[in-house]
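Chemist: Here you go, this is model-v9.pdb (PDB, C-alpha atoms, pLDDT in the B column).
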```pdb
ATOM      1  CA  MET P  18      53.254   4.641  68.052  1.00 71.00           C
ATOM      2  CA  PRO P  19      50.745   7.195  69.284  1.00 81.00           C
ATOM      3  CA  TYR P  20      48.572   9.060  66.859  1.00 89.00           C
ATOM      4  CA  ARG P  21      48.535  12.833  66.578  1.00 90.00           C
ATOM      5  CA  ILE P  22      44.941  14.032  66.870  1.00 89.00           C
ATOM      6  CA  LEU P  23      43.384  17.435  66.231  1.00 89.00           C
ATOM      7  CA  VAL P  24      40.024  18.337  67.764  1.00 88.00           C
ATOM      8  CA  LEU P  25      38.450  21.333  66.042  1.00 89.00           C
ATOM      9  CA  GLY P  26      36.050  23.555  67.909  1.00 82.00           C
ATOM     10  CA  LYS P  27      35.208  23.437  71.570  1.00 70.00           C
ATOM     11  CA  PRO P  28      37.355  21.211  73.791  1.00 68.00           C
ATOM     12  CA  LEU P  29      35.715  17.912  74.654  1.00 67.00           C
ATOM     13  CA  ALA P  30      36.301  15.811  77.731  1.00 65.00           C
ATOM     14  CA  LEU P  31      38.244  13.012  76.031  1.00 62.00           C
ATOM     15  CA  PRO P  32      40.687  10.431  77.357  1.00 59.00           C
ATOM     16  CA  PHE P  33      44.180  10.761  75.923  1.00 57.00           C
ATOM     17  CA  ASN P  34      44.768   7.030  75.367  1.00 66.00           C
ATOM     18  CA  ASN P  35      48.522   7.734  75.026  1.00 76.00           C
ATOM     19  CA  ASN P  36      47.863   9.863  71.959  1.00 78.00           C
ATOM     20  CA  GLU P  37      48.785  13.487  71.407  1.00 82.00           C
ATOM     21  CA  ILE P  38      45.639  15.636  71.205  1.00 81.00           C
ATOM     22  CA  ASP P  39      45.535  19.314  70.223  1.00 81.00           C
ATOM     23  CA  TYR P  40      42.454  21.506  70.518  1.00 80.00           C
ATOM     24  CA  LEU P  41      42.176  24.360  67.997  1.00 80.00           C
ATOM     25  CA  GLU P  42      39.388  26.387  66.432  1.00 78.00           C
ATOM     26  CA  THR P  43      40.860  25.844  62.976  1.00 73.00           C
ATOM     27  CA  GLY P  44      44.030  24.198  61.874  1.00 69.00           C
ATOM     28  CA  ASN P  45      46.229  22.710  59.215  1.00 75.00           C
ATOM     29  CA  TYR P  46      45.308  19.039  58.995  1.00 81.00           C
ATOM     30  CA  ARG P  47      48.588  17.996  57.332  1.00 83.00           C
ATOM     31  CA  ASP P  48      50.476  17.113  60.465  1.00 85.00           C
ATOM     32  CA  TYR P  49      47.649  15.165  62.127  1.00 90.00           C
ATOM     33  CA  ASP P  50      46.686  11.541  61.755  1.00 92.00           C
ATOM     34  CA  LEU P  51      43.089  12.016  62.872  1.00 92.00           C
ATOM     35  CA  VAL P  52      40.939  15.149  62.954  1.00 92.00           C
ATOM     36  CA  LEU P  53      37.682  15.303  64.895  1.00 90.00           C
ATOM     37  CA  ASP P  54      35.337  18.203  64.278  1.00 89.00           C
ATOM     38  CA  GLY P  55      34.098  18.843  67.810  1.00 84.00           C
ATOM     39  CA  ASN P  56      31.046  20.681  66.490  1.00 85.00           C
ATOM     40  CA  THR P  57      29.716  18.112  64.007  1.00 88.00           C
ATOM     41  CA  GLY P  58      31.331  14.843  65.081  1.00 88.00           C
ATOM     42  CA  GLU P  59      32.866  14.285  61.630  1.00 90.00           C
ATOM     43  CA  LEU P  60      36.188  12.439  61.514  1.00 91.00           C
ATOM     44  CA  PHE P  61      38.931  12.985  58.935  1.00 91.00           C
ATOM     45  CA  ILE P  62      42.257  11.425  58.069  1.00 91.00           C
ATOM     46  CA  GLY P  63      44.414  14.486  58.644  1.00 90.00           C
ATOM     47  CA  PHE P  64      46.866  14.474  55.766  1.00 88.00           C
ATOM     48  CA  THR P  65      44.281  13.632  53.065  1.00 88.00           C
ATOM     49  CA  GLU P  66      41.248  15.254  54.703  1.00 87.00           C
ATOM     50  CA  LYS P  67      39.332  12.098  53.744  1.00 90.00           C
ATOM     51  CA  SER P  68      36.167  11.753  55.806  1.00 92.00           C
ATOM     52  CA  LEU P  69      35.757   8.677  57.976  1.00 91.00           C
ATOM     53  CA  GLY P  70      32.148   9.586  58.689  1.00 90.00           C
ATOM     54  CA  PHE P  71      30.494  10.807  61.844  1.00 91.00           C
ATOM     55  CA  VAL P  72      30.620   9.739  65.474  1.00 87.00           C
ATOM     56  CA  SER P  73      28.476  10.607  68.455  1.00 83.00           C
ATOM     57  CA  LEU P  74      29.988  13.301  70.642  1.00 80.00           C
ATOM     58  CA  LYS P  75      27.898  12.128  73.595  1.00 76.00           C
ATOM     59  CA  GLY P  76      28.456   9.001  75.599  1.00 60.00           C
ATOM     60  CA  GLU P  77      31.003   6.791  73.857  1.00 64.00           C
ATOM     61  CA  ASP P  78      34.555   8.007  73.280  1.00 80.00           C
ATOM     62  CA  PRO P  79      34.628   9.469  69.740  1.00 84.00           C
ATOM     63  CA  ILE P  80      38.442   9.386  69.596  1.00 82.00           C
ATOM     64  CA  THR P  81      38.562   5.643  70.247  1.00 84.00           C
ATOM     65  CA  GLU P  82      35.938   5.094  67.552  1.00 85.00           C
ATOM     66  CA  GLY P  83      37.909   7.315  65.181  1.00 87.00           C
ATOM     67  CA  LEU P  84      41.151   5.470  65.892  1.00 87.00           C
ATOM     68  CA  ILE P  85      39.486   2.129  65.151  1.00 87.00           C
ATOM     69  CA  ARG P  86      38.310   3.484  61.795  1.00 89.00           C
ATOM     70  CA  LEU P  87      41.720   5.020  61.107  1.00 89.00           C
ATOM     71  CA  GLU P  88      43.543   1.740  61.798  1.00 88.00           C
ATOM     72  CA  LYS P  89      41.262  -0.066  59.347  1.00 89.00           C
ATOM     73  CA  GLU P  90      42.238   2.495  56.704  1.00 90.00           C
ATOM     74  CA  GLU P  91      45.944   2.519  57.520  1.00 93.00           C
ATOM     75  CA  PHE P  92      46.831  -1.120  56.800  1.00 93.00           C
ATOM     76  CA  ASN P  93      45.339  -3.262  54.058  1.00 94.00           C
ATOM     77  CA  PRO P  94      46.973  -6.707  53.990  1.00 95.00           C
ATOM     78  CA  ARG P  95      44.416  -7.919  51.428  1.00 95.00           C
ATOM     79  CA  LEU P  96      45.706  -5.382  48.896  1.00 95.00           C
ATOM     80  CA  ALA P  97      49.271  -6.525  49.525  1.00 96.00           C
ATOM     81  CA  LEU P  98      48.264 -10.169  49.116  1.00 96.00           C
ATOM     82  CA  GLU P  99      46.489  -9.359  45.834  1.00 96.00           C
ATOM     83  CA  MET P 100      49.641  -7.655  44.555  1.00 95.00           C
ATOM     84  CA  LEU P 101      51.668 -10.701  45.615  1.00 96.00           C
ATOM     85  CA  GLY P 102      49.432 -13.257  43.912  1.00 96.00           C
ATOM     86  CA  GLY P 103      47.783 -14.303  47.183  1.00 96.00           C
ATOM     87  CA  ASN P 104      50.992 -15.825  48.517  1.00 96.00           C
ATOM     88  CA  GLU P 105      50.987 -15.470  52.318  1.00 95.00           C
ATOM     89  CA  LYS P 106      54.645 -16.520  52.611  1.00 95.00           C
ATOM     90  CA  ILE P 107      55.794 -13.777  50.223  1.00 96.00           C
ATOM     91  CA  TYR P 108      53.633 -11.286  52.150  1.00 96.00           C
ATOM     92  CA  LYS P 109      55.270 -12.228  55.453  1.00 96.00           C
ATOM     93  CA  ASN P 110      58.685 -11.986  53.784  1.00 96.00           C
ATOM     94  CA  SER P 111      57.765  -8.514  52.492  1.00 96.00           C
ATOM     95  CA  LEU P 112      56.912  -7.412  56.021  1.00 97.00           C
ATOM     96  CA  LYS P 113      60.187  -8.826  57.328  1.00 96.00           C
ATOM     97  CA  LEU P 114      62.184  -7.232  54.503  1.00 96.00           C
ATOM     98  CA  TYR P 115      60.571  -3.831  55.112  1.00 97.00           C
ATOM     99  CA  GLN P 116      61.428  -4.102  58.781  1.00 95.00           C
ATOM    100  CA  GLU P 117      65.053  -4.997  58.042  1.00 95.00           C
ATOM    101  CA  GLU P 118      65.562  -2.550  55.169  1.00 96.00           C
ATOM    102  CA  TYR P 119      63.953   0.520  56.734  1.00 97.00           C
ATOM    103  CA  LEU P 120      64.603   0.111  60.451  1.00 96.00           C
ATOM    104  CA  ASN P 121      66.917   3.168  60.435  1.00 97.00           C
ATOM    105  CA  LEU P 122      64.919   5.196  57.900  1.00 97.00           C
ATOM    106  CA  LYS P 123      63.987   7.926  60.389  1.00 97.00           C
ATOM    107  CA  GLU P 124      67.601   8.605  61.338  1.00 97.00           C
ATOM    108  CA  LYS P 125      68.687   8.733  57.679  1.00 97.00           C
ATOM    109  CA  LEU P 126      65.859  11.077  56.689  1.00 97.00           C
ATOM    110  CA  LEU P 127      66.457  13.424  59.606  1.00 95.00           C
ATOM    111  CA  ARG P 128      70.200  13.474  58.885  1.00 97.00           C
ATOM    112  CA  TYR P 129      69.489  14.366  55.237  1.00 96.00           C
ATOM    113  CA  GLN P 130      66.996  17.028  56.320  1.00 94.00           C
ATOM    114  CA  MET P 131      69.531  18.643  58.700  1.00 94.00           C
ATOM    115  CA  ALA P 132      72.089  18.698  55.874  1.00 96.00           C
ATOM    116  CA  GLY P 133      69.571  20.117  53.387  1.00 93.00           C
ATOM    117  CA  ASN P 134      70.060  17.030  51.202  1.00 95.00           C
ATOM    118  CA  TYR P 135      66.627  16.993  49.561  1.00 94.00           C
ATOM    119  CA  GLN P 136      67.838  14.669  46.808  1.00 95.00           C
ATOM    120  CA  GLY P 137      68.819  12.070  49.428  1.00 96.00           C
ATOM    121  CA  ILE P 138      65.402  12.412  51.063  1.00 96.00           C
ATOM    122  CA  LYS P 139      63.706  12.087  47.683  1.00 96.00           C
ATOM    123  CA  GLU P 140      65.610   8.911  46.821  1.00 96.00           C
ATOM    124  CA  LEU P 141      64.732   7.256  50.133  1.00 96.00           C
ATOM    125  CA  ILE P 142      61.075   8.307  49.932  1.00 97.00           C
ATOM    126  CA  HIS P 143      60.892   7.047  46.356  1.00 95.00           C
ATOM    127  CA  ARG P 144      62.232   3.633  47.419  1.00 96.00           C
ATOM    128  CA  VAL P 145      59.739   3.391  50.277  1.00 97.00           C
ATOM    129  CA  LYS P 146      56.897   4.477  48.001  1.00 96.00           C
ATOM    130  CA  GLY P 147      57.763   1.694  45.564  1.00 91.00           C
ATOM    131  CA  PHE P 148      57.896  -1.013  48.220  1.00 96.00           C
ATOM    132  CA  VAL P 149      55.381  -0.136  50.906  1.00 97.00           C
ATOM    133  CA  LEU P 150      52.230  -1.370  49.135  1.00 95.00           C
ATOM    134  CA  TYR P 151      53.642  -4.902  49.347  1.00 97.00           C
ATOM    135  CA  THR P 152      53.252  -4.557  53.123  1.00 97.00           C
ATOM    136  CA  GLY P 153      49.719  -3.142  52.961  1.00 96.00           C
ATOM    137  CA  GLY P 154      50.837   0.236  54.367  1.00 96.00           C
ATOM    138  CA  ILE P 155      48.245   2.397  52.613  1.00 95.00           C
ATOM    139  CA  HIS P 156      48.755   5.587  54.631  1.00 95.00           C
ATOM    140  CA  LEU P 157      52.520   5.422  54.392  1.00 96.00           C
ATOM    141  CA  HIS P 158      52.234   5.052  50.626  1.00 97.00           C
ATOM    142  CA  GLN P 159      49.890   8.055  50.415  1.00 96.00           C
ATOM    143  CA  LEU P 160      52.248  10.123  52.546  1.00 96.00           C
ATOM    144  CA  ALA P 161      55.229   9.024  50.450  1.00 97.00           C
ATOM    145  CA  VAL P 162      53.423  10.274  47.327  1.00 96.00           C
ATOM    146  CA  LEU P 163      52.612  13.621  48.982  1.00 95.00           C
ATOM    147  CA  LEU P 164      56.134  14.031  50.344  1.00 95.00           C
ATOM    148  CA  ASP P 165      57.725  12.965  47.061  1.00 95.00           C
ATOM    149  CA  ASN P 166      55.711  15.614  45.215  1.00 95.00           C
ATOM    150  CA  GLU P 167      56.546  18.425  47.611  1.00 94.00           C
ATOM    151  CA  LEU P 168      60.256  17.556  47.538  1.00 94.00           C
ATOM    152  CA  TYR P 169      60.388  19.028  44.016  1.00 92.00           C
ATOM    153  CA  GLU P 170      60.068  22.377  45.826  1.00 93.00           C
ATOM    154  CA  ASN P 171      62.524  21.357  48.595  1.00 91.00           C
ATOM    155  CA  GLU P 172      59.631  21.214  51.066  1.00 91.00           C
ATOM    156  CA  THR P 173      59.138  18.572  53.750  1.00 91.00           C
ATOM    157  CA  THR P 174      55.881  19.561  55.459  1.00 91.00           C
ATOM    158  CA  TYR P 175      54.615  15.963  55.353  1.00 93.00           C
ATOM    159  CA  LEU P 176      57.812  14.504  56.826  1.00 94.00           C
ATOM    160  CA  ASN P 177      56.617  14.276  60.444  1.00 92.00           C
ATOM    161  CA  ALA P 178      53.358  12.562  59.443  1.00 93.00           C
ATOM    162  CA  PHE P 179      55.375  10.248  57.170  1.00 96.00           C
ATOM    163  CA  LEU P 180      57.733   9.329  60.016  1.00 96.00           C
ATOM    164  CA  ARG P 181      54.849   8.548  62.386  1.00 94.00           C
ATOM    165  CA  ALA P 182      53.183   6.330  59.745  1.00 95.00           C
ATOM    166  CA  HIS P 183      56.543   4.644  59.071  1.00 97.00           C
ATOM    167  CA  GLN P 184      56.984   3.891  62.783  1.00 96.00           C
ATOM    168  CA  ARG P 185      53.482   2.406  62.987  1.00 94.00           C
ATOM    169  CA  LEU P 186      54.234   0.242  59.934  1.00 96.00           C
ATOM    170  CA  LEU P 187      57.458  -0.984  61.544  1.00 96.00           C
ATOM    171  CA  GLU P 188      55.486  -1.919  64.663  1.00 94.00           C
ATOM    172  CA  TYR P 189      52.848  -3.627  62.493  1.00 93.00           C
ATOM    173  CA  CYS P 190      55.579  -5.592  60.680  1.00 94.00           C
ATOM    174  CA  CYS P 191      57.118  -6.684  63.996  1.00 93.00           C
ATOM    175  CA  GLU P 192      53.719  -7.867  65.209  1.00 91.00           C
ATOM    176  CA  GLN P 193      52.995  -9.814  62.028  1.00 89.00           C
ATOM    177  CA  VAL P 194      56.381 -11.532  61.636  1.00 87.00           C
ATOM    178  CA  LYS P 195      57.385 -12.219  65.227  1.00 80.00           C
ATOM    179  CA  ASP P 196      56.953 -15.961  64.663  1.00 66.00           C
ATOM    180  CA  VAL P 197      58.464 -16.100  61.159  1.00 57.00           C
TER     181      VAL P 197
END
```
Please lay out the structure from this file as structure tokens.
Modeler:
Amino acid sequence: MPYRILVLGKPLALPFNNNEIDYLETGNYRDYDLVLDGNTGELFIGFTEKSLGFVSLKGEDPITEGLIRLEKEEFNPRLALEMLGGNEKIYKNSLKLYQEEYLNLKEKLLRYQMAGNYQGIKELIHRVKGFVLYTGGIHLHQLAVLLDNELYENETTYLNAFLRAHQRLLEYCCEQVKDV
């Protein structure tokens, strides 16, 4: 699943790498996976505004470097294994179960959103939030917390970022359990 990237400041000559890139002077980071400050070279995780440090804006592709750092932050199988007592088989089963249980999550959430069923959205998000750390999906868990909190006000501004992270976790699960 492509990442949504925001480049702040002056446009840079960057390859798209199948990702969606917006260029703005300022912007709301919430709906972006990666934010690159085109003036300073600082990288951020969009929805948390957590800094990933600085990259060179000359020579090497700063977006590719940022995406590598972002991917290292997004999935943490070691955390999942710690939570599962170090049992690799249970971890693989967790990945497979997530894939099976939440394959149609996007369709359900969008259907609930169209119907204004915020309680249905909240229940699904709460279930994902409780399970996703067993897969190592750190970003999806963080987005589930943010979305769960804003649903008390019937808001869903984090939903698109949540759905992108969910899709990437599904792809990660498929990759990890294809031989199980």
Chemist: Quick one: which residues end up in the PyMOL selection byres ((chain P and resi 40-42) around 8) for this structure, as a PyMOL selection string?
Modeler: chain P and resi 23-28+38-39+43-44
Chemist: Just checking: using all atoms listed in the file, which residue out of P:Thr152, P:Ser111, P:Asn121, P:Asn134 ends up closest to Leu180 of chain P?
Modeler: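 That would be P:Asn121, the residue with the smallest distance to Leu180 of chain P.
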Chemist: Expressed in Å to a single decimal, how great is the separation between atom CA of Tyr169 of chain P and atom CA of Leu187 of chain P?
Modeler: 26.8 Å
Chemist: Looking at all atoms listed in the file, which of P:Leu126, P:Val72, P:Leu112, P:Ile80 is the one that sits closest to Gln193 of chain P?
Modeler: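 Closest to Gln193 of chain P of all the choices is P:Leu112.
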Chemist: I would like the residues chosen by the PyMOL selection byres ((chain P and resi 67) around 12) on the shown file; could you give them as a PyMOL selection string?
Modeler: chain P and resi 46-47+50-53+59-66+68-70+86-87+90+156+159
Chemist: When you count only C-alpha atoms, which of these residues is closest to Tyr135 of chain P: P:Tyr119, P:Leu164, P:Tyr108, P:Phe148?
Modeler: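 Residue with the minimum atom-to-atom distance to Tyr135 of chain P: P:Leu164.
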Chemist: Rounded to one decimal, what separation in Å do you get between atom CA of Leu127 of chain P and atom CA of Asn110 of chain P?
Modeler: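 Separating atom CA of Leu127 of chain P from atom CA of Asn110 of chain P is a distance of 27.2 Å.
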Chemist: Which residue is closest to Lys195 of chain P? Choose from P:Lys75, P:Asn104, P:Lys109, P:Arg95 and count only C-alpha atoms.
Modeler: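 Closest to Lys195 of chain P of all the choices is P:Lys109.
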Chemist: I'd like the neighbourhood of Gly137 of chain P as JSON, numbers by chain, where a residue qualifies if any of its atoms comes within 9 Å (using all atoms listed in the file), though same-chain residues fewer than 5 positions away should be ignored.
Modeler: {"P": [125, 126, 129, 130, 142]}
